[in-house]
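Have a look at the structure below, then the notes.
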Amino acid sequence: MTGRRTGSALLLGLGVALSAASLARAEPVTAERLLGAASEPQNWLLPHGTYDAHRYSALDRIDRSNVSRLRVVFSLPLGGALQGGGNYVAALPVNPLVADGFLYLVEGSGKVLKIDARPGATTRIVWEVEAGQDNLDAWLQARRGLALIDDKVVSIASDGSLHWIDANSGELVQSVQVADPSTGYSIAAPPLVVGDRIIVGGHGADRGARGQLDALDVRTGAPLWRAYAVPEPGQPGAETWADFADAWRHGGGGFSQTGAYDAETGLTVWSAGAPFPVGDSRFRPGADAFANSAIAVDVATGERRWSFQYTPGPFEGFSEAGPVQIVPTEAGRAVAHFAHNGSYYVLDLETGAFRTATPYLPGSTWTAGIDPATGAAVAAASAPAAVPQGCPNIRSLPEFASSYSARTGLSYGAGAEGCDLAFQPARTVSNSGWRGAFYAGAASAIGSLAAADPSTGALIAERRLDFPLHAGMLATAGGLVFTTTADGTLHALNDESLATVWSMPFASLTASPPITFAVEGEQYLAVLVGGNSFVGALSYKPPEMTIVQPLFVLAVLGLR
Amino acid sequence: MRRLSVCLAASVLALVSTSGTALAQAERLEIWDLALGMNAAEIPNRFVDYACGTNGGPPSRPLRHFSDFAMCRPDARGLYEVYFRYDDEQEYVARALEQAALIQASAGTRVYGFPAIVTVLFDAGGVLQGMRIVTDPRGVRPEIRDDFWALGTVLRHHYGADGWACAGLPLAEGERPVSTFLVKDRCTKSIDGAELSVERRYLQRRGQEFIDERTEAVVPEAFESLTSFEMIASGVAAPVPVAPPP
């Protein structure tokens, strides 16, 4: 631990130095900088902070001793709380990116904004771009994400397009259509720039699209390769689609969270979501590979190197589209994932071989157990009718970003724990793709936090909070993990015990996890308050949550 | 397409009886358990709310069973359309038992998860000659109805993604994209023994605005989104065009 702290301090020093230099020279975000993103803790250059998707910052100026002095430094109201069609926007955890004192984010209407976060800035919004997304677009929910490369901001749009924006001027430079939205194709996950290419995860499973990864030239947008989650006949795994209606063509397995990347192996690992349609397995009896799976693809060629299916078939509506982490372990580097099925999985990075699966949700009944040798669900393939107890259940965990702390060596998962007893869509107007607010018994849903050791799989700490978590986690070298709960509270927790160190109430349910950055040596915390599709019609809104309103505000906190 | 509906009946019924999925799920008949060539009187009475159909619209005159089809008015092809719903007993039981997976699997009359109006068409001899699936907007919130057009894509895949002849349909006066997105097309395909057609729409018609000009309130339901599917046996004559009025 001491060594890690020393390393963090060194990184911070380096980072701050780089920050000052960057501010002066406005360095472009090169592929090399992205590779070394961990050495620039003052920035947040990638969707999950770094390629290993740790959502961890080496910044430690904000720590347990002073976190109570966090105050809102500035806030900025964002637009687009409600779309035509009745959708509340931004139900996905798309956090801002930060480069050299400037924040890049997407507001509810889909506009891309550049925000000047430097102290003393008199005008916060540098530019805003409305490309490929209109206010009140009923179908194209503002599920957007950003990537930085060179002097460009690359923005995805739900209609399956990518837009290159000049980071300095805000000028729209280029747009490219990745796939045809009339097939149901959409994009939800922020893209991942790796070297000379940008990797885009395709979504739209609830409209019959087949999950796909596309690599495009990061500068021209020219297509390089495409890989699908669900195999076609003749490919490995196709035998698990024992259907008669070509269900694999619209079988789901969409990608709604950005994957991780490992430069040493050249692999990018993404999580594919549930098979489609969730509640109708009649046309695809079988395990439905590789929906609900981790999929490792060679970044150079698009070749699938390995897959691992967490949950066979459409159990309980599980979707394993949540993020993966690439973590160091005593047995070598591994892929870790807090699964919707209630277990924390650790797989070998190079081969996908199963290592451990540890239940972090006591009493989960979806399977009789997990084979310790293979990771397969015991009896799962033959006993779906026996398991729909629905309780307990982690709700909507897939979209909740997990984190990993280099300081503690622990993975952190966040979710909303309750009972999946029944779906009652009439109780909410939130997005149909989100089931979190649909379930009966949700009034008693609570927040669920787990800290696990990827080397052993052991749960080191657990925490239940009064209200469910609907965003995700941020871990820092300051000995803290940050998260938010449905009542609109930002929590700073001890990264070893998960005990509350400090909390601050906001007025809305956040959808994206906090991030941290530094400018001129000062560490800040950025929270997108609101922008969550649940807010407008929370079916479980208890009296304590009556102040929760459909806001959408950027709040930047600093020490005072 | 390599699958003929008549053959489909046998294969589907076999699938139902041998499926690894929940038995309770298999017990409920769905439109996929019906097939061209079946006789109305021989279809098990395991659906509910039979009624005369209205070209994919809501039910009209109530019937006791498919075999009452002749009480309906035949269309121009001489076919009698009968509306029906899936038996909801399983859903009630599932809700009583709080069985989430079964609730989701058995909730309402759905096709690939989309609320749908399903009908079948019989000839005068009671032989099933066609079926229709039209997305059902009744009681559906706009953000669910939003995706109705996408059922058309899935249904095309259901009968094989290849071999469809698709064409965009002209916009009527006042029709326009919903913000950035427009779907209005029709695809047809011949399979062994049947003709298929799928029409999809996602648009705003004249007068449909998401912002009410007078009140400035958001009007979430101001759009059209639908899928309309029809399968007709190959031997059935095309409808006789109605002569224009003199």
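Chains: A, B, ... in order of the structure tokens. Residues: from 1 per chain. Ligands: from 1, in order shown.
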### Query
Got a sec: who's within 12 Å of B:Ile117, counting only C-alpha atoms, leaving out chain neighbours fewer than 2 positions off, as an NGL selection string?
:B and (30-31 or 49-51 or 53-59 or 82-86 or 108-111 or 114-115 or 119-120 or 131-138 or 226-230)
### Task
Could you give me, as a PyMOL selection string, the residues within 12 Å of A:Val230, counting only C-alpha atoms and dropping anything in the same chain fewer than 4 positions from it?
chain A and resi 205+209-213+234-241+246-255+272-276+287-295+304+307+309
Store the residues picked out above in a file with C-alpha atoms, as a PDB file, in the first residue's frame.
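Written out: selection23.pdb:
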ATOM      1  CA  ALA A 205     -30.967  -4.798 -29.621  1.00  0.00           C
ATOM      2  CA  ALA A 209     -30.292  -5.135 -34.233  1.00  0.00           C
ATOM      3  CA  ARG A 210     -27.419  -7.573 -33.859  1.00  0.00           C
ATOM      4  CA  GLY A 211     -24.675  -6.300 -31.575  1.00  0.00           C
ATOM      5  CA  GLN A 212     -21.606  -5.319 -33.555  1.00  0.00           C
ATOM      6  CA  LEU A 213     -18.209  -3.749 -33.090  1.00  0.00           C
ATOM      7  CA  GLY A 234     -21.126 -22.167 -39.156  1.00  0.00           C
ATOM      8  CA  GLN A 235     -19.261 -20.058 -36.659  1.00  0.00           C
ATOM      9  CA  PRO A 236     -18.391 -21.230 -33.155  1.00  0.00           C
ATOM     10  CA  GLY A 237     -21.313 -20.704 -30.843  1.00  0.00           C
ATOM     11  CA  ALA A 238     -23.922 -20.770 -33.608  1.00  0.00           C
ATOM     12  CA  GLU A 239     -25.100 -24.124 -32.339  1.00  0.00           C
ATOM     13  CA  THR A 240     -26.447 -22.375 -29.254  1.00  0.00           C
ATOM     14  CA  TRP A 241     -29.061 -20.655 -31.404  1.00  0.00           C
ATOM     15  CA  ASP A 246     -32.780 -17.085 -38.065  1.00  0.00           C
ATOM     16  CA  ALA A 247     -33.018 -15.479 -34.658  1.00  0.00           C
ATOM     17  CA  TRP A 248     -29.291 -14.843 -34.720  1.00  0.00           C
ATOM     18  CA  ARG A 249     -29.886 -12.097 -37.255  1.00  0.00           C
ATOM     19  CA  HIS A 250     -31.653  -9.994 -34.664  1.00  0.00           C
ATOM     20  CA  GLY A 251     -30.370 -11.747 -31.612  1.00  0.00           C
ATOM     21  CA  GLY A 252     -29.261  -8.777 -29.588  1.00  0.00           C
ATOM     22  CA  GLY A 253     -25.984  -8.895 -27.727  1.00  0.00           C
ATOM     23  CA  GLY A 254     -25.656  -5.131 -28.069  1.00  0.00           C
ATOM     24  CA  PHE A 255     -22.833  -3.059 -26.643  1.00  0.00           C
ATOM     25  CA  ALA A 272     -22.355  -7.906 -24.991  1.00  0.00           C
ATOM     26  CA  GLY A 273     -25.837  -7.507 -23.553  1.00  0.00           C
ATOM     27  CA  ALA A 274     -28.895  -9.722 -23.468  1.00  0.00           C
ATOM     28  CA  PRO A 275     -30.338 -11.691 -26.370  1.00  0.00           C
ATOM     29  CA  PHE A 276     -33.370 -10.214 -28.084  1.00  0.00           C
ATOM     30  CA  ALA A 287     -27.621 -20.462 -24.545  1.00  0.00           C
ATOM     31  CA  ASP A 288     -27.623 -17.725 -27.203  1.00  0.00           C
ATOM     32  CA  ALA A 289     -23.869 -17.243 -27.472  1.00  0.00           C
ATOM     33  CA  PHE A 290     -22.350 -14.706 -27.290  1.00  0.00           C
ATOM     34  CA  ALA A 291     -25.010 -12.523 -25.854  1.00  0.00           C
ATOM     35  CA  ASN A 292     -24.395 -11.775 -22.182  1.00  0.00           C
ATOM     36  CA  SER A 293     -20.711 -12.399 -22.770  1.00  0.00           C
ATOM     37  CA  ALA A 294     -17.283 -10.859 -22.597  1.00  0.00           C
ATOM     38  CA  ILE A 295     -15.839 -10.712 -26.090  1.00  0.00           C
ATOM     39  CA  ARG A 304     -12.488 -12.681 -32.090  1.00  0.00           C
ATOM     40  CA  SER A 307     -15.541 -15.177 -25.573  1.00  0.00           C
ATOM     41  CA  GLN A 309     -20.635 -16.205 -21.538  1.00  0.00           C
TER      42      GLN A 309
END
### Task
May I have the residues within 10 Å of A:Ile370 as a ChimeraX atom specification, using only C-alpha atoms and disregarding those fewer than 3 positions away in the same chain?
/A:310,343,356-359,367,373-380
Could you save the residues just selected, with C-alpha atoms, as a compact mmCIF listing (two decimals), in the first residue's frame?
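selection-v7.txt, written as the output of this step:
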# COMPACT_ATOMS: atom_id res chain seq x y z
CA TYR A 310 -21.65 -15.19 -18.04
CA SER A 343 -21.40 -12.69 -9.32
CA THR A 356 -13.23 -17.13 -10.24
CA ALA A 357 -16.85 -16.14 -9.80
CA THR A 358 -17.85 -14.82 -6.40
CA PRO A 359 -21.46 -14.08 -5.53
CA THR A 367 -28.62 -20.81 -10.89
CA ALA A 373 -13.65 -25.15 -13.18
CA THR A 374 -15.43 -23.62 -16.15
CA GLY A 375 -17.51 -20.77 -14.82
CA ALA A 376 -20.61 -22.25 -16.43
CA ALA A 377 -23.89 -21.95 -14.61
CA VAL A 378 -24.78 -25.28 -13.06
CA ALA A 379 -28.02 -26.61 -14.50
CA ALA A 380 -28.76 -23.25 -15.96
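Residues with any atom within 6 Å of stretch 110-118 of chain A, counting only C-alpha atoms and excluding same-chain neighbours fewer than 5 positions away, are Gly101, Phe102, Leu103, Tyr104, Leu105, Arg124, Ile125, Val126, Trp127, Glu128, Val129, Glu130, Gln133 and Ala142 of chain A.
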Could you take the residues named above and write them with N, CA and C atoms, as a CSV table (one decimal), in the first residue's frame?
chain,number,residue,atom,x,y,z
A,101,GLY,N,-7.8,21.3,-18.8
A,101,GLY,CA,-8.6,22.3,-18.2
A,101,GLY,C,-10.0,22.5,-18.9
A,102,PHE,N,-10.2,21.8,-19.9
A,102,PHE,CA,-11.5,21.9,-20.6
A,102,PHE,C,-12.3,20.6,-20.5
A,103,LEU,N,-13.6,20.7,-20.3
A,103,LEU,CA,-14.4,19.6,-20.2
A,103,LEU,C,-15.2,19.5,-21.5
A,104,TYR,N,-15.4,18.3,-22.0
A,104,TYR,CA,-16.2,18.0,-23.1
A,104,TYR,C,-17.4,17.1,-22.7
A,105,LEU,N,-18.6,17.5,-22.9
A,105,LEU,CA,-19.7,16.7,-22.5
A,105,LEU,C,-20.9,16.8,-23.4
A,124,ARG,N,-18.0,30.1,-19.3
A,124,ARG,CA,-17.8,28.6,-19.2
A,124,ARG,C,-17.9,27.9,-20.5
A,125,ILE,N,-19.0,28.2,-21.3
A,125,ILE,CA,-19.2,27.4,-22.5
A,125,ILE,C,-18.4,28.0,-23.6
A,126,VAL,N,-17.4,27.2,-24.1
A,126,VAL,CA,-16.5,27.7,-25.2
A,126,VAL,C,-17.2,27.6,-26.5
A,127,TRP,N,-17.8,26.4,-26.7
A,127,TRP,CA,-18.7,26.2,-27.9
A,127,TRP,C,-19.7,25.1,-27.7
A,128,GLU,N,-20.7,25.1,-28.5
A,128,GLU,CA,-21.6,23.9,-28.5
A,128,GLU,C,-22.0,23.6,-29.9
A,129,VAL,N,-22.1,22.3,-30.1
A,129,VAL,CA,-22.3,21.8,-31.4
A,129,VAL,C,-23.5,20.8,-31.4
A,130,GLU,N,-24.5,21.1,-32.3
A,130,GLU,CA,-25.6,20.2,-32.4
A,130,GLU,C,-25.5,19.4,-33.7
A,133,GLN,N,-28.2,15.3,-34.0
A,133,GLN,CA,-29.2,15.1,-32.9
A,133,GLN,C,-30.0,16.3,-32.7
A,142,ALA,N,-30.8,10.7,-26.6
A,142,ALA,CA,-29.5,11.4,-26.6
A,142,ALA,C,-28.5,10.5,-25.9
### Task
May I have the residues within 6 Å of B:Ala194 as a count of residues only, using only C-alpha atoms and disregarding those fewer than 6 positions away in the same chain?
3
### Pick from A:Pro314, A:Gly170, A:Gly184, A:Gly145 nearest to B:Val183, counting only C-alpha atoms
A:Gly184
#### Entry: strand (DSSP E) per DSSP on the backbone: members of stretch 111-194 of chain B, as a PyMOL selection string
chain B and resi 111+114-122+128-135+165-168+183-191+194
Output C-alpha atoms for every residue in the selection just made, as a PDB file, in the first residue's frame.
ATOM      1  CA  VAL B 111     -44.968 -10.581 -31.254  1.00  0.00           C
ATOM      2  CA  PHE B 114     -44.110  -5.810 -29.422  1.00  0.00           C
ATOM      3  CA  PRO B 115     -47.793  -5.359 -28.509  1.00  0.00           C
ATOM      4  CA  ALA B 116     -49.677  -6.538 -31.581  1.00  0.00           C
ATOM      5  CA  ILE B 117     -53.084  -7.031 -33.088  1.00  0.00           C
ATOM      6  CA  VAL B 118     -53.066 -10.460 -34.673  1.00  0.00           C
ATOM      7  CA  THR B 119     -55.671 -11.753 -37.084  1.00  0.00           C
ATOM      8  CA  VAL B 120     -56.115 -14.669 -39.434  1.00  0.00           C
ATOM      9  CA  LEU B 121     -58.025 -14.872 -42.708  1.00  0.00           C
ATOM     10  CA  PHE B 122     -60.167 -17.806 -43.749  1.00  0.00           C
ATOM     11  CA  LEU B 128     -56.696 -20.482 -43.209  1.00  0.00           C
ATOM     12  CA  GLN B 129     -55.372 -18.448 -46.122  1.00  0.00           C
ATOM     13  CA  GLY B 130     -53.632 -15.566 -44.431  1.00  0.00           C
ATOM     14  CA  MET B 131     -52.544 -13.826 -41.271  1.00  0.00           C
ATOM     15  CA  ARG B 132     -51.837 -10.274 -40.217  1.00  0.00           C
ATOM     16  CA  ILE B 133     -49.733  -8.743 -37.502  1.00  0.00           C
ATOM     17  CA  VAL B 134     -50.110  -5.033 -36.819  1.00  0.00           C
ATOM     18  CA  THR B 135     -48.505  -3.218 -33.921  1.00  0.00           C
ATOM     19  CA  ALA B 165     -38.061  -6.428 -52.509  1.00  0.00           C
ATOM     20  CA  CYS B 166     -38.250  -3.139 -50.664  1.00  0.00           C
ATOM     21  CA  ALA B 167     -39.294   0.285 -51.770  1.00  0.00           C
ATOM     22  CA  GLY B 168     -39.801   3.552 -50.017  1.00  0.00           C
ATOM     23  CA  VAL B 183     -39.173   5.280 -42.114  1.00  0.00           C
ATOM     24  CA  LYS B 184     -41.904   4.654 -44.631  1.00  0.00           C
ATOM     25  CA  ASP B 185     -41.360   1.591 -46.741  1.00  0.00           C
ATOM     26  CA  ARG B 186     -42.913  -1.624 -47.895  1.00  0.00           C
ATOM     27  CA  CYS B 187     -41.175  -4.912 -48.528  1.00  0.00           C
ATOM     28  CA  THR B 188     -42.569  -7.958 -50.265  1.00  0.00           C
ATOM     29  CA  LYS B 189     -41.326 -11.473 -50.669  1.00  0.00           C
ATOM     30  CA  SER B 190     -42.552 -14.724 -52.126  1.00  0.00           C
ATOM     31  CA  ILE B 191     -41.936 -17.877 -50.159  1.00  0.00           C
ATOM     32  CA  ALA B 194     -47.280 -17.611 -49.653  1.00  0.00           C
TER      33      ALA B 194
END
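Comparing the minimum interatomic distances between chain A and each of B:Leu196, B:Ala40, B:Val218, B:Leu29, counting only C-alpha atoms, we find that B:Val218 sits nearest.
Note that atom CA of A:Val94 and atom CA of A:Ala38 are 19.4 Å apart.
Taking atom CA of A:Gly49 and atom CA of A:Phe354 as the two end points, the separation is 26.1 Å.
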### Query
Which of stretch 71-233 of chain B counts as alpha helix (DSSP H) under DSSP, as a count of residues only please?
28
### Message
Between B:Arg73, B:Arg176, B:His157, B:Arg200, which residue has the minimum interatomic distance to chain A, considering only C-alpha atoms?
### Response
B:His157
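From atom CA of A:Thr123 back to atom CA of A:Ala526, the distance works out to 17.5 Å.
Each of B:Ile211, B:Val140, B:Met38, B:Met231 was compared to B:Asp192 using only C-alpha atoms, and B:Met231 turns out to be the nearest.
Compared by their closest atoms to chain B, and using only C-alpha atoms, the residues A:Gly79, A:Pro28, A:Gly317, A:Gly195 rank with A:Gly317 nearest.
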